[in-house]
$ cat work.cif   # mmCIF, C-alpha atoms
data_my_file
#
loop_
_atom_site.group_PDB
_atom_site.id
_atom_site.type_symbol
_atom_site.label_atom_id
_atom_site.label_comp_id
_atom_site.auth_asym_id
_atom_site.auth_seq_id
_atom_site.Cartn_x
_atom_site.Cartn_y
_atom_site.Cartn_z
ATOM 1 C CA MET A 1 15.665 -8.590 -4.320
ATOM 2 C CA SER A 2 12.856 -6.111 -5.040
ATOM 3 C CA ARG A 3 10.446 -6.467 -7.932
ATOM 4 C CA PRO A 4 11.449 -4.845 -11.216
ATOM 5 C CA PHE A 5 10.263 -1.262 -11.581
ATOM 6 C CA ALA A 6 8.148 -2.198 -14.635
ATOM 7 C CA GLU A 7 6.188 -4.710 -12.555
ATOM 8 C CA GLN A 8 5.530 -2.046 -9.935
ATOM 9 C CA PHE A 9 4.400 0.307 -12.726
ATOM 10 C CA ALA A 10 2.049 -2.388 -14.097
ATOM 11 C CA GLN A 11 0.515 -2.954 -10.673
ATOM 12 C CA ALA A 12 0.110 0.790 -10.051
ATOM 13 C CA TRP A 13 -1.659 1.358 -13.394
ATOM 14 C CA ALA A 14 -3.869 -1.750 -13.168
ATOM 15 C CA ARG A 15 -5.911 0.060 -10.470
ATOM 16 C CA PRO A 16 -4.451 3.541 -10.369
ATOM 17 C CA THR A 17 -4.616 5.837 -7.387
ATOM 18 C CA PRO A 18 -2.744 9.124 -7.085
ATOM 19 C CA ALA A 19 -0.788 7.824 -4.093
ATOM 20 C CA GLY A 20 0.061 4.569 -5.855
ATOM 21 C CA LEU A 21 1.347 6.361 -8.944
ATOM 22 C CA VAL A 22 3.523 8.856 -7.072
ATOM 23 C CA ALA A 23 4.954 6.037 -4.949
ATOM 24 C CA LEU A 24 6.941 5.151 -8.102
ATOM 25 C CA LEU A 25 8.663 8.555 -8.121
ATOM 26 C CA GLN A 26 11.540 10.337 -6.438
ATOM 27 C CA PRO A 27 10.509 13.479 -4.509
ATOM 28 C CA ASP A 28 12.169 15.679 -7.168
ATOM 29 C CA ALA A 29 10.965 13.667 -10.182
ATOM 30 C CA ARG A 30 10.427 15.421 -13.504
ATOM 31 C CA LEU A 31 7.551 14.206 -15.702
ATOM 32 C CA LEU A 32 7.293 15.103 -19.384
ATOM 33 C CA GLN A 33 4.360 14.418 -21.705
ATOM 34 C CA PRO A 34 3.180 15.683 -25.096
ATOM 35 C CA HIS A 35 1.735 19.198 -25.292
ATOM 36 C CA GLN A 36 1.856 19.795 -21.544
ATOM 37 C CA PRO A 37 4.278 21.723 -19.346
ATOM 38 C CA PRO A 38 6.733 19.610 -17.335
ATOM 39 C CA ILE A 39 5.579 18.404 -13.948
ATOM 40 C CA GLN A 40 8.291 18.918 -11.354
ATOM 41 C CA GLY A 41 8.247 17.027 -8.074
ATOM 42 C CA ARG A 42 6.170 14.382 -6.390
ATOM 43 C CA GLU A 43 3.703 16.916 -4.926
ATOM 44 C CA ALA A 44 2.930 18.410 -8.351
ATOM 45 C CA ALA A 45 2.596 14.877 -9.774
ATOM 46 C CA LEU A 46 0.220 13.944 -6.958
ATOM 47 C CA GLU A 47 -2.012 16.917 -7.803
ATOM 48 C CA GLU A 48 -1.898 16.060 -11.529
ATOM 49 C CA PHE A 49 -2.867 12.428 -10.889
ATOM 50 C CA ARG A 50 -5.641 13.510 -8.508
ATOM 51 C CA ARG A 51 -7.154 15.775 -11.165
ATOM 52 C CA LEU A 52 -6.712 13.192 -13.934
ATOM 53 C CA LEU A 53 -8.333 10.345 -11.990
ATOM 54 C CA ALA A 54 -11.117 12.589 -10.686
ATOM 55 C CA TRP A 55 -11.946 13.349 -14.325
ATOM 56 C CA LEU A 56 -11.405 9.792 -15.645
ATOM 57 C CA PRO A 57 -11.840 7.433 -12.673
ATOM 58 C CA ALA A 58 -12.069 4.314 -14.888
ATOM 59 C CA LEU A 59 -8.736 5.042 -16.633
ATOM 60 C CA HIS A 60 -6.242 2.241 -16.162
ATOM 61 C CA GLY A 61 -3.306 0.709 -17.966
ATOM 62 C CA GLU A 62 -1.933 -2.610 -19.123
ATOM 63 C CA VAL A 63 1.778 -3.192 -19.647
ATOM 64 C CA THR A 64 2.531 -5.185 -22.789
ATOM 65 C CA ARG A 65 6.335 -5.351 -22.544
ATOM 66 C CA TRP A 66 9.294 -3.620 -21.011
ATOM 67 C CA SER A 67 13.058 -3.424 -21.194
ATOM 68 C CA GLN A 68 15.688 -2.210 -18.761
ATOM 69 C CA SER A 69 19.334 -1.349 -19.199
ATOM 70 C CA GLY A 70 21.002 -0.055 -16.084
ATOM 71 C CA ASP A 71 18.891 2.772 -14.676
ATOM 72 C CA THR A 72 16.866 3.281 -17.880
ATOM 73 C CA VAL A 73 13.521 1.504 -18.225
ATOM 74 C CA PHE A 74 11.232 1.503 -21.267
ATOM 75 C CA ILE A 75 7.656 0.397 -20.616
ATOM 76 C CA GLU A 76 5.252 -0.215 -23.481
ATOM 77 C CA TRP A 77 1.679 -0.098 -22.270
ATOM 78 C CA ARG A 78 -1.890 0.721 -23.203
ATOM 79 C CA MET A 79 -4.000 3.333 -21.472
ATOM 80 C CA ARG A 80 -7.544 2.033 -21.398
ATOM 81 C CA LEU A 81 -10.535 4.294 -20.929
ATOM 82 C CA PRO A 82 -13.986 2.700 -20.761
ATOM 83 C CA LEU A 83 -16.597 5.011 -22.310
ATOM 84 C CA GLY A 84 -20.050 3.518 -22.260
ATOM 85 C CA ARG A 85 -19.977 0.311 -24.293
ATOM 86 C CA ARG A 86 -16.586 1.147 -25.844
ATOM 87 C CA THR A 87 -13.103 1.214 -24.445
ATOM 88 C CA ILE A 88 -10.651 3.687 -25.920
ATOM 89 C CA THR A 89 -7.136 2.276 -26.072
ATOM 90 C CA ILE A 90 -4.141 4.575 -26.354
ATOM 91 C CA PRO A 91 -0.734 2.939 -26.857
ATOM 92 C CA ALA A 92 2.118 4.588 -24.973
ATOM 93 C CA VAL A 93 5.774 4.134 -24.118
ATOM 94 C CA ASP A 94 7.241 5.537 -20.934
ATOM 95 C CA ARG A 95 10.975 6.030 -20.547
ATOM 96 C CA PHE A 96 12.086 6.253 -16.949
ATOM 97 C CA LEU A 97 15.466 7.193 -15.572
ATOM 98 C CA LEU A 98 15.701 5.574 -12.168
ATOM 99 C CA ARG A 99 17.533 6.703 -9.093
ATOM 100 C CA ASP A 100 17.600 4.310 -6.144
ATOM 101 C CA GLY A 101 14.868 2.250 -7.789
ATOM 102 C CA LEU A 102 12.382 5.129 -8.229
ATOM 103 C CA GLY A 103 11.592 7.322 -11.218
ATOM 104 C CA ALA A 104 13.723 10.466 -11.294
ATOM 105 C CA GLU A 105 12.563 11.394 -14.806
ATOM 106 C CA ARG A 106 9.731 10.114 -16.941
ATOM 107 C CA VAL A 107 9.056 10.898 -20.575
ATOM 108 C CA VAL A 108 5.860 9.428 -22.017
ATOM 109 C CA TYR A 109 5.380 9.013 -25.760
ATOM 110 C CA PHE A 110 1.825 8.680 -27.082
ATOM 111 C CA ASP A 111 -0.509 10.261 -29.605
ATOM 112 C CA PRO A 112 -2.530 12.784 -27.587
ATOM 113 C CA MET A 113 -4.956 13.175 -30.494
ATOM 114 C CA ARG A 114 -6.490 9.797 -29.610
ATOM 115 C CA LEU A 115 -7.478 11.198 -26.226
ATOM 116 C CA VAL A 116 -8.654 14.473 -27.790
ATOM 117 C CA ALA A 117 -10.797 12.527 -30.274
ATOM 118 C CA ALA A 118 -12.301 10.454 -27.459
ATOM 119 C CA VAL A 119 -13.118 13.591 -25.476
ATOM 120 C CA LEU A 120 -14.602 15.391 -28.483
ATOM 121 C CA SER A 121 -16.798 12.407 -29.351
ATOM 122 C CA HIS A 122 -18.171 12.159 -25.779
ATOM 123 C CA PRO A 123 -19.725 15.508 -24.756
ATOM 124 C CA PRO A 124 -20.292 14.372 -21.148
ATOM 125 C CA LEU A 125 -16.472 14.446 -20.779
ATOM 126 C CA TRP A 126 -16.159 18.098 -21.816
ATOM 127 C CA PRO A 127 -16.834 19.808 -18.476
ATOM 128 C CA GLY A 128 -14.490 17.419 -16.660
ATOM 129 C CA TYR A 129 -11.772 17.993 -19.231
ATOM 130 C CA LEU A 130 -12.015 21.758 -18.834
ATOM 131 C CA LYS A 131 -11.800 21.394 -15.065
ATOM 132 C CA TYR A 132 -8.894 18.957 -15.329
ATOM 133 C CA ARG A 133 -6.825 20.896 -17.849
ATOM 134 C CA PHE A 134 -7.699 24.494 -17.033
ATOM 135 C CA ALA A 135 -8.873 24.326 -13.402
ATOM 136 C CA ILE A 136 -12.209 25.885 -14.409
#

$ encode --input "work.cif" --output "structure tokens"
Amino acid sequence: MSRPFAEQFAQAWARPTPAGLVALLQPDARLLQPHQPPIQGREAALEEFRRLLAWLPALHGEVTRWSQSGDTVFIEWRMRLPLGRRTITIPAVDRFLLRDGLGAERVVYFDPMRLVAAVLSHPPLWPGYLKYRFAI
């Protein structure tokens, strides 16, 4: 029997790489997150994760608990972003719909203002954010 999807998610986010994160997804996966357009497909997700981790290479996550019913998985976790002597923690919940053991749809619920506040309070992050979000 294969490992539960949530355990694979936890391992992928403990030391995230773009390839490791998209390995959790179906080729036609749809990813939804607050205040951003949907990401459609593994290739688009790969590009998104590449840009995100290029901007925030120390970003990682820790799963705190999860629940699964059939092909629906809820994963409660914390995004952790070390910034100098502080670490910003952003609680999140991902809801995955699985198909053949991989994510076909993911909706993440978190307060994006925590990330915005962290970026605004750390000017060295500003140029990277603009490049990440707006491809400047």

$ atom_distance --input "work.cif" --atom1 "CA of Ala118 in chain A" --atom2 "CA of Gly103 in chain A"
29.1 Å

$ atom_distance --input "work.cif" --atom1 "CA of Pro27 in chain A" --atom2 "CA of Trp13 in chain A"
19.3 Å

$ resolve_selection --input "work.cif" --expression "the PyMOL selection byres ((chain A and resi 44) around 10)" --output "list in words"
Val22, Pro27, Asp28, Ala29, Arg30, Leu31, Pro38, Ile39, Gln40, Gly41, Arg42, Glu43, Ala45, Leu46, Glu47, Glu48, Phe49 and Arg50 of chain A

$ write_last_selection --input "work.cif" --atoms "C-alpha atoms" --output "PDB file, keeping the file's coordinate frame"
ATOM      1  CA  VAL A  22       3.523   8.856  -7.072  1.00  0.00           C
ATOM      2  CA  PRO A  27      10.509  13.479  -4.509  1.00  0.00           C
ATOM      3  CA  ASP A  28      12.169  15.679  -7.168  1.00  0.00           C
ATOM      4  CA  ALA A  29      10.965  13.667 -10.182  1.00  0.00           C
ATOM      5  CA  ARG A  30      10.427  15.421 -13.504  1.00  0.00           C
ATOM      6  CA  LEU A  31       7.551  14.206 -15.702  1.00  0.00           C
ATOM      7  CA  PRO A  38       6.733  19.610 -17.335  1.00  0.00           C
ATOM      8  CA  ILE A  39       5.579  18.404 -13.948  1.00  0.00           C
ATOM      9  CA  GLN A  40       8.291  18.918 -11.354  1.00  0.00           C
ATOM     10  CA  GLY A  41       8.247  17.027  -8.074  1.00  0.00           C
ATOM     11  CA  ARG A  42       6.170  14.382  -6.390  1.00  0.00           C
ATOM     12  CA  GLU A  43       3.703  16.916  -4.926  1.00  0.00           C
ATOM     13  CA  ALA A  45       2.596  14.877  -9.774  1.00  0.00           C
ATOM     14  CA  LEU A  46       0.220  13.944  -6.958  1.00  0.00           C
ATOM     15  CA  GLU A  47      -2.012  16.917  -7.803  1.00  0.00           C
ATOM     16  CA  GLU A  48      -1.898  16.060 -11.529  1.00  0.00           C
ATOM     17  CA  PHE A  49      -2.867  12.428 -10.889  1.00  0.00           C
ATOM     18  CA  ARG A  50      -5.641  13.510  -8.508  1.00  0.00           C
TER      19      ARG A  50
END

$ closest_residue --input "work.cif" --among "A:Gly20, A:Gly70, A:Pro34, A:Pro57" --to "Leu98 in chain A" --atoms "only C-alpha atoms"
A:Gly70

$ atom_distance --input "work.cif" --atom1 "CA of Arg95 in chain A" --atom2 "CA of Arg80 in chain A"
19.0 Å

$ residues_around --input "work.cif" --residues "Phe9 in chain A" --least-positions-apart "4" --cutoff "9 Å" --atoms "all atoms listed in the file" --output "list of chain:residue names"
A:Pro4, A:Phe5, A:Trp13, A:Ala14, A:Leu21, A:Leu24, A:Val63, A:Ile75

$ axis_aligned_box --input "work.cif" --around "range 58-72 of chain A" --padding-each-side "5 Å" --output "JSON"
{"center_x": 4.5, "center_y": -0.2, "center_z": -18.7, "size_x": 43.1, "size_y": 20.4, "size_z": 18.1}

$ closest_residue --input "work.cif" --among "A:Val73, A:Arg3, A:Ala135, A:Gly128" --to "Arg99 in chain A" --atoms "all atoms listed in the file"
A:Val73

$ closest_residue --input "work.cif" --among "A:Phe74, A:Tyr109, A:Leu59, A:Gln8" --to "Thr89 in chain A" --atoms "all atoms listed in the file"
A:Leu59

$ build_atoms --input "work.cif" --residues "range 18-53 of chain A" --atoms "N, CA and C atoms" --output "short mmCIF file (atom, residue, chain, number, x, y, z; two decimals), in the frame of the given file"
data_model
loop_
_atom_site.label_atom_id
_atom_site.label_comp_id
_atom_site.auth_asym_id
_atom_site.auth_seq_id
_atom_site.Cartn_x
_atom_site.Cartn_y
_atom_site.Cartn_z
N PRO A 18 -3.81 8.12 -7.10
CA PRO A 18 -2.74 9.12 -7.08
C PRO A 18 -1.57 8.72 -6.19
N ALA A 19 -1.86 8.22 -5.01
CA ALA A 19 -0.79 7.82 -4.09
C ALA A 19 0.02 6.66 -4.65
N GLY A 20 -0.65 5.71 -5.28
CA GLY A 20 0.06 4.57 -5.86
C GLY A 20 0.96 4.96 -7.01
N LEU A 21 0.53 5.93 -7.81
CA LEU A 21 1.35 6.36 -8.94
C LEU A 21 2.55 7.18 -8.49
N VAL A 22 2.38 8.06 -7.52
CA VAL A 22 3.52 8.86 -7.07
C VAL A 22 4.49 8.04 -6.23
N ALA A 23 4.05 6.90 -5.71
CA ALA A 23 4.95 6.04 -4.95
C ALA A 23 6.09 5.51 -5.84
N LEU A 24 5.91 5.58 -7.16
CA LEU A 24 6.94 5.15 -8.10
C LEU A 24 8.02 6.21 -8.32
N LEU A 25 7.83 7.40 -7.77
CA LEU A 25 8.66 8.56 -8.12
C LEU A 25 9.55 9.04 -6.98
N GLN A 26 10.69 9.61 -7.37
CA GLN A 26 11.54 10.34 -6.44
C GLN A 26 10.84 11.64 -6.05
N PRO A 27 11.14 12.21 -4.89
CA PRO A 27 10.51 13.48 -4.51
C PRO A 27 10.73 14.61 -5.52
N ASP A 28 11.86 14.61 -6.20
CA ASP A 28 12.17 15.68 -7.17
C ASP A 28 11.98 15.24 -8.62
N ALA A 29 11.16 14.22 -8.83
CA ALA A 29 10.96 13.67 -10.18
C ALA A 29 10.48 14.73 -11.15
N ARG A 30 10.86 14.54 -12.40
CA ARG A 30 10.43 15.42 -13.50
C ARG A 30 9.66 14.55 -14.49
N LEU A 31 8.42 14.96 -14.80
CA LEU A 31 7.55 14.21 -15.70
C LEU A 31 7.28 15.04 -16.94
N LEU A 32 7.49 14.42 -18.11
CA LEU A 32 7.29 15.10 -19.38
C LEU A 32 6.29 14.32 -20.22
N GLN A 33 5.36 15.05 -20.84
CA GLN A 33 4.36 14.42 -21.70
C GLN A 33 4.01 15.37 -22.83
N PRO A 34 3.46 14.84 -23.92
CA PRO A 34 3.18 15.68 -25.10
C PRO A 34 2.24 16.85 -24.78
N HIS A 35 2.57 18.00 -25.30
CA HIS A 35 1.74 19.20 -25.29
C HIS A 35 1.34 19.68 -23.90
N GLN A 36 2.13 19.34 -22.90
CA GLN A 36 1.86 19.80 -21.54
C GLN A 36 3.15 20.32 -20.93
N PRO A 37 3.05 21.27 -20.01
CA PRO A 37 4.28 21.72 -19.35
C PRO A 37 4.84 20.61 -18.47
N PRO A 38 6.14 20.62 -18.22
CA PRO A 38 6.73 19.61 -17.34
C PRO A 38 6.10 19.65 -15.94
N ILE A 39 6.04 18.52 -15.33
CA ILE A 39 5.58 18.40 -13.95
C ILE A 39 6.83 18.16 -13.11
N GLN A 40 7.07 19.01 -12.14
CA GLN A 40 8.29 18.92 -11.35
C GLN A 40 7.95 18.57 -9.91
N GLY A 41 8.41 17.42 -9.47
CA GLY A 41 8.25 17.03 -8.07
C GLY A 41 7.06 16.14 -7.82
N ARG A 42 7.20 15.35 -6.76
CA ARG A 42 6.17 14.38 -6.39
C ARG A 42 4.86 15.08 -6.01
N GLU A 43 4.93 16.22 -5.33
CA GLU A 43 3.70 16.92 -4.93
C GLU A 43 2.92 17.40 -6.14
N ALA A 44 3.61 17.97 -7.13
CA ALA A 44 2.93 18.41 -8.35
C ALA A 44 2.36 17.21 -9.11
N ALA A 45 3.09 16.10 -9.12
CA ALA A 45 2.60 14.88 -9.77
C ALA A 45 1.36 14.35 -9.06
N LEU A 46 1.37 14.40 -7.73
CA LEU A 46 0.22 13.94 -6.96
C LEU A 46 -1.02 14.75 -7.33
N GLU A 47 -0.89 16.06 -7.42
CA GLU A 47 -2.01 16.92 -7.80
C GLU A 47 -2.49 16.61 -9.22
N GLU A 48 -1.54 16.41 -10.14
CA GLU A 48 -1.90 16.06 -11.53
C GLU A 48 -2.67 14.74 -11.58
N PHE A 49 -2.19 13.72 -10.88
CA PHE A 49 -2.87 12.43 -10.89
C PHE A 49 -4.23 12.51 -10.20
N ARG A 50 -4.34 13.32 -9.16
CA ARG A 50 -5.64 13.51 -8.51
C ARG A 50 -6.65 14.09 -9.49
N ARG A 51 -6.25 15.14 -10.21
CA ARG A 51 -7.15 15.78 -11.16
C ARG A 51 -7.50 14.82 -12.31
N LEU A 52 -6.48 14.12 -12.83
CA LEU A 52 -6.71 13.19 -13.93
C LEU A 52 -7.70 12.09 -13.54
N LEU A 53 -7.48 11.47 -12.39
CA LEU A 53 -8.33 10.34 -11.99
C LEU A 53 -9.69 10.80 -11.46
#
